[in-house]
file final00.csv (CSV, C-alpha atoms)
chain,number,residue,atom,x,y,z
A,4,ARG,CA,-21.2,-60.3,-93.8
A,5,ARG,CA,-18.8,-63.2,-94.5
A,6,VAL,CA,-16.2,-60.7,-95.7
A,7,PHE,CA,-16.7,-58.6,-92.6
A,8,LEU,CA,-16.4,-61.6,-90.3
A,9,SER,CA,-13.3,-62.8,-92.2
A,10,VAL,CA,-11.6,-59.4,-91.8
A,11,LEU,CA,-12.6,-59.2,-88.2
A,12,THR,CA,-11.3,-62.7,-87.4
A,13,SER,CA,-8.1,-62.1,-89.3
A,14,SER,CA,-7.6,-58.8,-87.4
A,15,PHE,CA,-8.1,-60.6,-84.1
A,16,ILE,CA,-5.7,-63.4,-85.0
A,17,ALA,CA,-3.1,-60.8,-86.1
A,18,LEU,CA,-3.4,-59.0,-82.8
A,19,ALA,CA,-3.3,-62.1,-80.7
A,20,ALA,CA,-0.3,-63.6,-82.5
A,21,ASN,CA,1.4,-60.2,-82.9
A,22,PHE,CA,1.9,-60.9,-86.7
A,23,PHE,CA,4.5,-58.5,-88.2
A,24,GLY,CA,4.5,-56.6,-84.9
A,25,VAL,CA,1.0,-55.3,-85.4
A,26,THR,CA,0.1,-55.6,-81.7
A,27,SER,CA,3.4,-54.1,-80.6
A,28,ASN,CA,3.0,-51.2,-83.0
A,29,LEU,CA,-0.6,-50.6,-81.7
A,30,LEU,CA,0.6,-50.6,-78.1
A,31,SER,CA,3.3,-48.1,-78.8
A,32,THR,CA,0.6,-45.6,-79.8
A,33,LEU,CA,-1.2,-46.0,-76.5
A,34,PRO,CA,-0.2,-44.4,-73.1
A,35,GLU,CA,2.2,-46.5,-71.1
A,36,SER,CA,-0.1,-46.3,-68.1
A,37,PHE,CA,-2.9,-48.0,-70.2
A,38,ALA,CA,-0.6,-50.8,-71.4
A,39,GLU,CA,0.7,-51.4,-67.8
A,40,LYS,CA,-2.8,-51.3,-66.3
A,41,THR,CA,-4.2,-53.8,-68.8
A,42,GLY,CA,-1.1,-56.0,-68.7
A,43,LEU,CA,-0.9,-56.2,-72.5
A,44,ASP,CA,2.8,-55.2,-72.4
A,45,LEU,CA,3.5,-58.3,-70.4
A,46,PHE,CA,2.6,-60.4,-73.5
A,47,TYR,CA,3.6,-58.1,-76.3
A,48,PRO,CA,6.5,-55.6,-76.6
A,49,ARG,CA,5.5,-52.0,-76.6
A,50,GLY,CA,7.8,-50.4,-79.0
A,51,ASP,CA,11.4,-51.3,-78.1
A,52,TYR,CA,10.4,-52.5,-74.6
A,53,LYS,CA,8.5,-55.3,-72.8
A,54,ARG,CA,7.2,-55.4,-69.3
A,55,VAL,CA,8.0,-58.0,-66.6
A,56,THR,CA,6.6,-58.3,-63.1
A,57,VAL,CA,8.5,-59.9,-60.3
A,58,ARG,CA,6.7,-61.1,-57.1
A,59,GLY,CA,8.3,-62.1,-53.8
A,60,ASP,CA,7.9,-65.6,-52.3
A,61,VAL,CA,5.8,-64.2,-49.4
A,62,GLY,CA,3.7,-61.2,-48.7
A,63,GLU,CA,2.5,-58.6,-51.3
A,64,GLY,CA,5.9,-57.4,-52.5
A,65,LYS,CA,6.2,-57.1,-56.3
A,66,CYS,CA,8.0,-55.0,-58.9
A,67,SER,CA,6.8,-54.1,-62.4
A,68,PHE,CA,9.2,-52.6,-64.9
A,69,VAL,CA,10.2,-52.5,-68.6
A,70,ILE,CA,13.3,-54.0,-70.2
A,71,PRO,CA,14.5,-53.9,-73.8
A,72,LYS,CA,12.4,-56.4,-75.8
A,73,ASP,CA,15.5,-58.5,-76.7
A,74,TRP,CA,16.7,-58.9,-73.1
A,75,VAL,CA,16.3,-62.4,-71.5
A,76,ALA,CA,16.2,-63.9,-68.0
A,77,ASP,CA,19.5,-64.7,-66.4
A,78,THR,CA,19.8,-68.5,-66.6
A,79,SER,CA,22.7,-68.6,-64.2
A,80,LEU,CA,20.4,-67.1,-61.5
A,81,ALA,CA,17.8,-69.8,-62.1
A,82,LEU,CA,20.5,-72.4,-61.5
A,83,ALA,CA,21.8,-70.6,-58.4
A,84,GLN,CA,18.2,-70.4,-57.0
A,85,ALA,CA,17.8,-74.2,-57.6
A,86,GLN,CA,21.0,-74.8,-55.8
A,87,ARG,CA,19.9,-72.6,-53.0
A,88,ARG,CA,16.6,-74.5,-52.6
A,89,ALA,CA,18.6,-77.7,-52.4
A,90,LYS,CA,21.0,-76.3,-49.7
A,91,VAL,CA,18.0,-75.2,-47.5
A,92,LEU,CA,17.5,-78.9,-46.8
A,93,ASP,CA,21.1,-79.1,-45.6
A,94,TYR,CA,20.8,-78.1,-42.0
A,95,SER,CA,24.6,-77.8,-41.7
A,96,MET,CA,24.5,-74.7,-44.0
A,97,LYS,CA,24.2,-71.4,-42.1
A,98,ALA,CA,22.1,-68.5,-43.6
A,99,ASP,CA,25.1,-66.2,-43.8
A,100,GLN,CA,26.9,-68.8,-45.9
A,101,MET,CA,24.3,-68.7,-48.6
A,102,GLY,CA,24.5,-64.9,-49.4
A,103,VAL,CA,21.7,-62.9,-51.1
A,104,LEU,CA,20.3,-63.9,-54.4
A,105,PRO,CA,18.0,-61.7,-56.5
A,106,ASP,CA,14.5,-62.8,-57.1
A,107,ALA,CA,14.9,-62.1,-60.8
A,108,ALA,CA,17.5,-60.7,-63.2
A,109,TYR,CA,17.5,-59.9,-66.9
A,110,GLY,CA,20.2,-58.8,-69.4
A,111,PRO,CA,21.2,-58.7,-73.0
A,112,PRO,CA,21.3,-62.0,-74.9
A,113,GLY,CA,24.7,-63.3,-76.0
A,114,LYS,CA,28.0,-61.5,-75.3
A,115,THR,CA,27.2,-58.2,-76.9
A,116,ASP,CA,23.8,-56.7,-78.0
A,117,ARG,CA,23.1,-54.1,-80.8
A,118,GLN,CA,24.0,-51.3,-78.4
A,119,GLY,CA,27.3,-52.8,-77.4
A,120,LEU,CA,26.1,-53.9,-74.0
A,121,SER,CA,27.6,-57.1,-72.6
A,122,ASN,CA,25.7,-59.5,-70.4
A,123,ARG,CA,28.8,-59.8,-68.2
A,124,GLU,CA,28.4,-56.2,-66.9
A,125,THR,CA,24.9,-55.2,-67.8
A,126,ASN,CA,21.7,-56.4,-66.1
A,127,VAL,CA,18.7,-55.4,-64.0
A,128,SER,CA,18.0,-57.3,-60.9
A,129,VAL,CA,15.2,-57.3,-58.3
A,130,ILE,CA,15.4,-58.3,-54.6
A,131,ILE,CA,12.2,-58.6,-52.6
A,132,ASN,CA,12.8,-59.0,-48.8
A,133,ALA,CA,9.9,-59.9,-46.5
A,134,VAL,CA,9.8,-57.4,-43.6
A,135,LYS,CA,7.3,-56.0,-41.1
A,136,ASP,CA,5.8,-52.5,-41.0
A,137,PHE,CA,8.2,-51.1,-43.7
A,138,THR,CA,7.9,-47.5,-44.8
A,139,LEU,CA,10.6,-45.5,-46.6
A,140,LYS,CA,10.7,-42.6,-44.2
A,141,ARG,CA,10.2,-44.5,-41.0
A,142,THR,CA,12.7,-47.2,-41.9
A,143,LEU,CA,15.3,-45.4,-44.0
A,144,GLY,CA,14.7,-41.8,-42.9
A,145,SER,CA,13.1,-38.8,-44.7
A,146,ASP,CA,16.3,-37.8,-46.6
A,147,PRO,CA,16.9,-39.8,-49.8
A,148,LYS,CA,20.6,-38.8,-49.8
A,149,ALA,CA,21.2,-39.9,-46.3
A,150,ALA,CA,19.3,-43.2,-47.0
A,151,ALA,CA,21.5,-43.7,-50.1
A,152,GLU,CA,24.7,-43.1,-48.2
A,153,ILE,CA,23.7,-45.7,-45.6
A,154,LEU,CA,22.7,-48.3,-48.1
A,155,LEU,CA,25.8,-47.8,-50.2
A,156,SER,CA,28.1,-47.9,-47.2
A,157,ASN,CA,30.5,-50.8,-46.7
A,158,LYS,CA,28.1,-52.3,-44.2
A,159,PHE,CA,25.2,-52.8,-46.7
A,160,GLY,CA,26.6,-51.8,-50.1
A,161,PRO,CA,28.8,-53.3,-52.8
A,162,ARG,CA,32.0,-53.3,-50.6
A,163,ARG,CA,33.7,-51.2,-53.2
A,164,PRO,CA,34.3,-47.4,-53.2
A,165,THR,CA,31.0,-45.8,-54.4
A,166,THR,CA,30.3,-42.3,-55.5
A,167,LEU,CA,26.7,-41.0,-55.2
A,168,ILE,CA,25.7,-39.0,-58.2
A,169,SER,CA,22.1,-38.2,-57.3
A,170,SER,CA,19.2,-39.1,-55.1
A,171,PHE,CA,15.5,-38.2,-55.0
A,172,GLU,CA,12.1,-39.2,-53.8
A,173,GLU,CA,8.9,-39.5,-55.9
A,174,THR,CA,5.7,-41.4,-56.2
A,175,ARG,CA,5.0,-44.0,-58.9
A,176,GLY,CA,2.2,-46.2,-60.3
A,177,GLU,CA,-1.6,-45.9,-59.9
A,178,ASN,CA,-1.3,-46.4,-56.2
A,179,ASN,CA,1.2,-43.5,-55.8
A,180,ILE,CA,3.8,-45.7,-54.1
A,181,PRO,CA,6.7,-43.6,-52.7
A,182,ILE,CA,10.2,-44.5,-53.9
A,183,TYR,CA,13.8,-43.4,-53.4
A,184,GLN,CA,16.1,-43.5,-56.4
A,185,PHE,CA,19.9,-43.4,-56.2
A,186,GLU,CA,22.4,-43.1,-59.0
A,187,TYR,CA,26.0,-43.9,-58.3
A,188,THR,CA,29.2,-45.4,-59.6
A,189,VAL,CA,31.2,-48.3,-58.2
A,190,ASP,CA,35.0,-48.2,-58.5
A,191,ARG,CA,36.4,-51.7,-59.1
A,192,GLY,CA,40.1,-50.5,-59.1
A,193,ASP,CA,42.7,-51.2,-61.8
A,194,ARG,CA,41.4,-54.8,-62.5
A,195,ALA,CA,38.0,-53.8,-64.0
A,196,PRO,CA,36.3,-50.7,-65.5
A,197,THR,CA,34.0,-48.6,-63.3
A,198,LEU,CA,30.4,-49.6,-63.0
A,199,HIS,CA,27.4,-47.2,-63.1
A,200,ALA,CA,24.1,-48.0,-61.5
A,201,ILE,CA,20.6,-46.8,-60.6
A,202,SER,CA,18.8,-48.4,-57.6
A,203,VAL,CA,15.1,-47.9,-56.9
A,204,ILE,CA,13.9,-48.6,-53.4
A,205,ALA,CA,10.2,-49.1,-52.4
A,206,GLY,CA,7.9,-50.9,-50.0
A,207,SER,CA,4.8,-52.9,-50.6
A,208,LEU,CA,1.4,-51.3,-50.1
A,209,VAL,CA,0.8,-53.1,-46.8
A,210,GLY,CA,4.4,-52.7,-45.6
A,211,ASP,CA,5.3,-56.4,-45.6
A,212,ALA,CA,8.1,-56.2,-48.2
A,213,PHE,CA,11.2,-54.1,-49.0
A,214,VAL,CA,11.8,-54.0,-52.8
A,215,THR,CA,15.1,-53.1,-54.5
A,216,LEU,CA,15.5,-52.8,-58.3
A,217,THR,CA,19.1,-52.1,-59.6
A,218,VAL,CA,20.1,-51.6,-63.2
A,219,VAL,CA,23.9,-51.6,-63.8
A,220,SER,CA,26.3,-51.4,-66.7
A,221,LEU,CA,29.8,-50.0,-67.5
A,222,ASP,CA,30.1,-46.3,-66.7
A,223,LYS,CA,31.0,-45.6,-70.4
A,224,ALA,CA,27.7,-47.3,-71.6
A,225,TRP,CA,25.7,-44.6,-69.8
A,226,ALA,CA,27.5,-42.0,-71.9
A,227,GLY,CA,26.5,-43.7,-75.1
A,228,GLU,CA,23.3,-44.6,-77.0
A,229,ALA,CA,22.4,-47.2,-74.3
A,230,ASP,CA,21.8,-44.4,-71.7
A,231,ASP,CA,18.2,-43.9,-72.6
A,232,SER,CA,17.3,-47.6,-72.5
A,233,LEU,CA,19.1,-48.1,-69.2
A,234,ARG,CA,17.3,-45.2,-67.6
A,235,GLN,CA,13.9,-46.4,-69.0
A,236,ILE,CA,14.3,-49.6,-67.0
A,237,ALA,CA,14.6,-47.6,-63.7
A,238,LYS,CA,11.5,-45.4,-64.4
call {"tool": "encode", "arguments": {"input": "final00.csv", "output": "structure tokens"}}
result
Amino acid sequence: RRVFLSVLTSSFIALAANFFGVTSNLLSTLPESFAEKTGLDLFYPRGDYKRVTVRGDVGEGKCSFVIPKDWVADTSLALAQAQRRAKVLDYSMKADQMGVLPDAAYGPPGKTDRQGLSNRETNVSVIINAVKDFTLKRTLGSDPKAAAEILLSNKFGPRRPTTLISSFEETRGENNIPIYQFEYTVDRGDRAPTLHAISVIAGSLVGDAFVTLTVVSLDKAWAGEADDSLRQIAK
């Protein structure tokens, strides 16, 4: 009995502490839907990925997705958010002077990771906007391509020449939330290499938030071994 209890306790400790990657290896054998539903992949990597969940400041808007397990939160964004909160107290500052900041952003640690991705050009960011009565089709229209062209236009988009590669609609998650996904490139001219991105657009269940996830890297990175991991983030 003591031996049994000892083994049982040791096994629990190993799982809880993820000794030698035991918990991560176990999670990798289970369906991703199970890991997401239980929230275990928020605490332990599942294979090469870990899950993060971003929530908006108001309403029920949130975004749950996976990132490579060695990616880290963008510290410069945290600093910018702190500065933004300080400027809110300055009533001489106008809203349009502050610009738009993501609610969260993650990228490779250091200058270059094992796949050759640089944190200067590679990241995933999430923006959650509080809105009223938002639905994809009523707000953006029933055609994902037309919606993409509007959002990527100079009025709303990156203010650089963009080329739409693909667009589609599907449902995701246990609540079958409809999403639009756009894949596109951004031409930065002669001064910088072309960027390649995927944006996922969705609304909250009750229609009080408009959620945008965008993963971006250099165009050439999507043609290399990093392509699979970048696409996994957007799934």
call {"tool": "residues_around", "arguments": {"input": "final00.csv", "residues": "segment 122-139 of chain A", "least_positions_apart": "2", "cutoff": "6 Å", "atoms": "all atoms listed in the file", "output": "PyMOL selection string"}}
result
chain A and resi 59+105-111+114+141-143+210-220
call {"tool": "residues_around", "arguments": {"input": "final00.csv", "residues": "segment 170-182 of chain A", "least_positions_apart": "6", "cutoff": "10 Å", "atoms": "all atoms listed in the file", "output": "list in words"}}
result
Ser36, Glu39, Lys40, Ser67, Thr138, Leu139, Lys140, Ser145, Asp146, Pro147, Lys148, Ala149, Ala150, Ala151, Glu152, Ile201, Ser202, Val203, Ile204, Ala205, Gly206, Ser207, Leu208, Val214, Thr215 and Lys238 of chain A
call {"tool": "residues_around", "arguments": {"input": "final00.csv", "residues": "Thr165 of chain A", "least_positions_apart": "6", "cutoff": "8 Å", "atoms": "all atoms listed in the file", "output": "ChimeraX atom specification"}}
result
/A:155,187-190
call {"tool": "residues_near_point", "arguments": {"input": "final00.csv", "point": "(25.2, -41.8, -66.5)", "cutoff": "12 Å", "atoms": "all atoms listed in the file", "output": "PDB file with C-alpha atoms, keeping the file's coordinate frame"}}
result
ATOM      1  CA  LEU A 167      26.700 -41.000 -55.200  1.00  0.00           C
ATOM      2  CA  ILE A 168      25.700 -39.000 -58.200  1.00  0.00           C
ATOM      3  CA  SER A 169      22.100 -38.200 -57.300  1.00  0.00           C
ATOM      4  CA  PHE A 185      19.900 -43.400 -56.200  1.00  0.00           C
ATOM      5  CA  GLU A 186      22.400 -43.100 -59.000  1.00  0.00           C
ATOM      6  CA  TYR A 187      26.000 -43.900 -58.300  1.00  0.00           C
ATOM      7  CA  THR A 188      29.200 -45.400 -59.600  1.00  0.00           C
ATOM      8  CA  THR A 197      34.000 -48.600 -63.300  1.00  0.00           C
ATOM      9  CA  LEU A 198      30.400 -49.600 -63.000  1.00  0.00           C
ATOM     10  CA  HIS A 199      27.400 -47.200 -63.100  1.00  0.00           C
ATOM     11  CA  ALA A 200      24.100 -48.000 -61.500  1.00  0.00           C
ATOM     12  CA  ILE A 201      20.600 -46.800 -60.600  1.00  0.00           C
ATOM     13  CA  VAL A 218      20.100 -51.600 -63.200  1.00  0.00           C
ATOM     14  CA  VAL A 219      23.900 -51.600 -63.800  1.00  0.00           C
ATOM     15  CA  SER A 220      26.300 -51.400 -66.700  1.00  0.00           C
ATOM     16  CA  LEU A 221      29.800 -50.000 -67.500  1.00  0.00           C
ATOM     17  CA  ASP A 222      30.100 -46.300 -66.700  1.00  0.00           C
ATOM     18  CA  LYS A 223      31.000 -45.600 -70.400  1.00  0.00           C
ATOM     19  CA  ALA A 224      27.700 -47.300 -71.600  1.00  0.00           C
ATOM     20  CA  TRP A 225      25.700 -44.600 -69.800  1.00  0.00           C
ATOM     21  CA  ALA A 226      27.500 -42.000 -71.900  1.00  0.00           C
ATOM     22  CA  GLY A 227      26.500 -43.700 -75.100  1.00  0.00           C
ATOM     23  CA  GLU A 228      23.300 -44.600 -77.000  1.00  0.00           C
ATOM     24  CA  ALA A 229      22.400 -47.200 -74.300  1.00  0.00           C
ATOM     25  CA  ASP A 230      21.800 -44.400 -71.700  1.00  0.00           C
ATOM     26  CA  ASP A 231      18.200 -43.900 -72.600  1.00  0.00           C
ATOM     27  CA  SER A 232      17.300 -47.600 -72.500  1.00  0.00           C
ATOM     28  CA  LEU A 233      19.100 -48.100 -69.200  1.00  0.00           C
ATOM     29  CA  ARG A 234      17.300 -45.200 -67.600  1.00  0.00           C
TER      30      ARG A 234
END
call {"tool": "atom_distance", "arguments": {"input": "final00.csv", "atom1": "atom CA of Gly113 of chain A", "atom2": "atom CA of Thr78 of chain A"}}
result
11.8 Å
call {"tool": "atom_distance", "arguments": {"input": "final00.csv", "atom1": "atom CA of Val55 of chain A", "atom2": "atom CA of Ser79 of chain A"}}
result
18.3 Å
call {"tool": "atom_distance", "arguments": {"input": "final00.csv", "atom1": "atom CA of Pro161 of chain A", "atom2": "atom CA of Asp77 of chain A"}}
result
20.0 Å
call {"tool": "closest_residue", "arguments": {"input": "final00.csv", "among": "A:Thr56, A:Gln184, A:Val61, A:Val69", "to": "Ile236 of chain A", "atoms": "only C-alpha atoms"}}
result
A:Val69
call {"tool": "closest_residue", "arguments": {"input": "final00.csv", "among": "A:Ala237, A:Arg163, A:Leu104, A:Gly192", "to": "Pro71 of chain A", "atoms": "all atoms listed in the file"}}
result
A:Ala237
call {"tool": "axis_aligned_box", "arguments": {"input": "final00.csv", "around": "segment 170-187 of chain A", "padding_each_side": "5 Å", "output": "JSON"}}
result
{"center_x": 12.2, "center_y": -42.3, "center_z": -56.5, "size_x": 37.6, "size_y": 18.2, "size_z": 17.6}
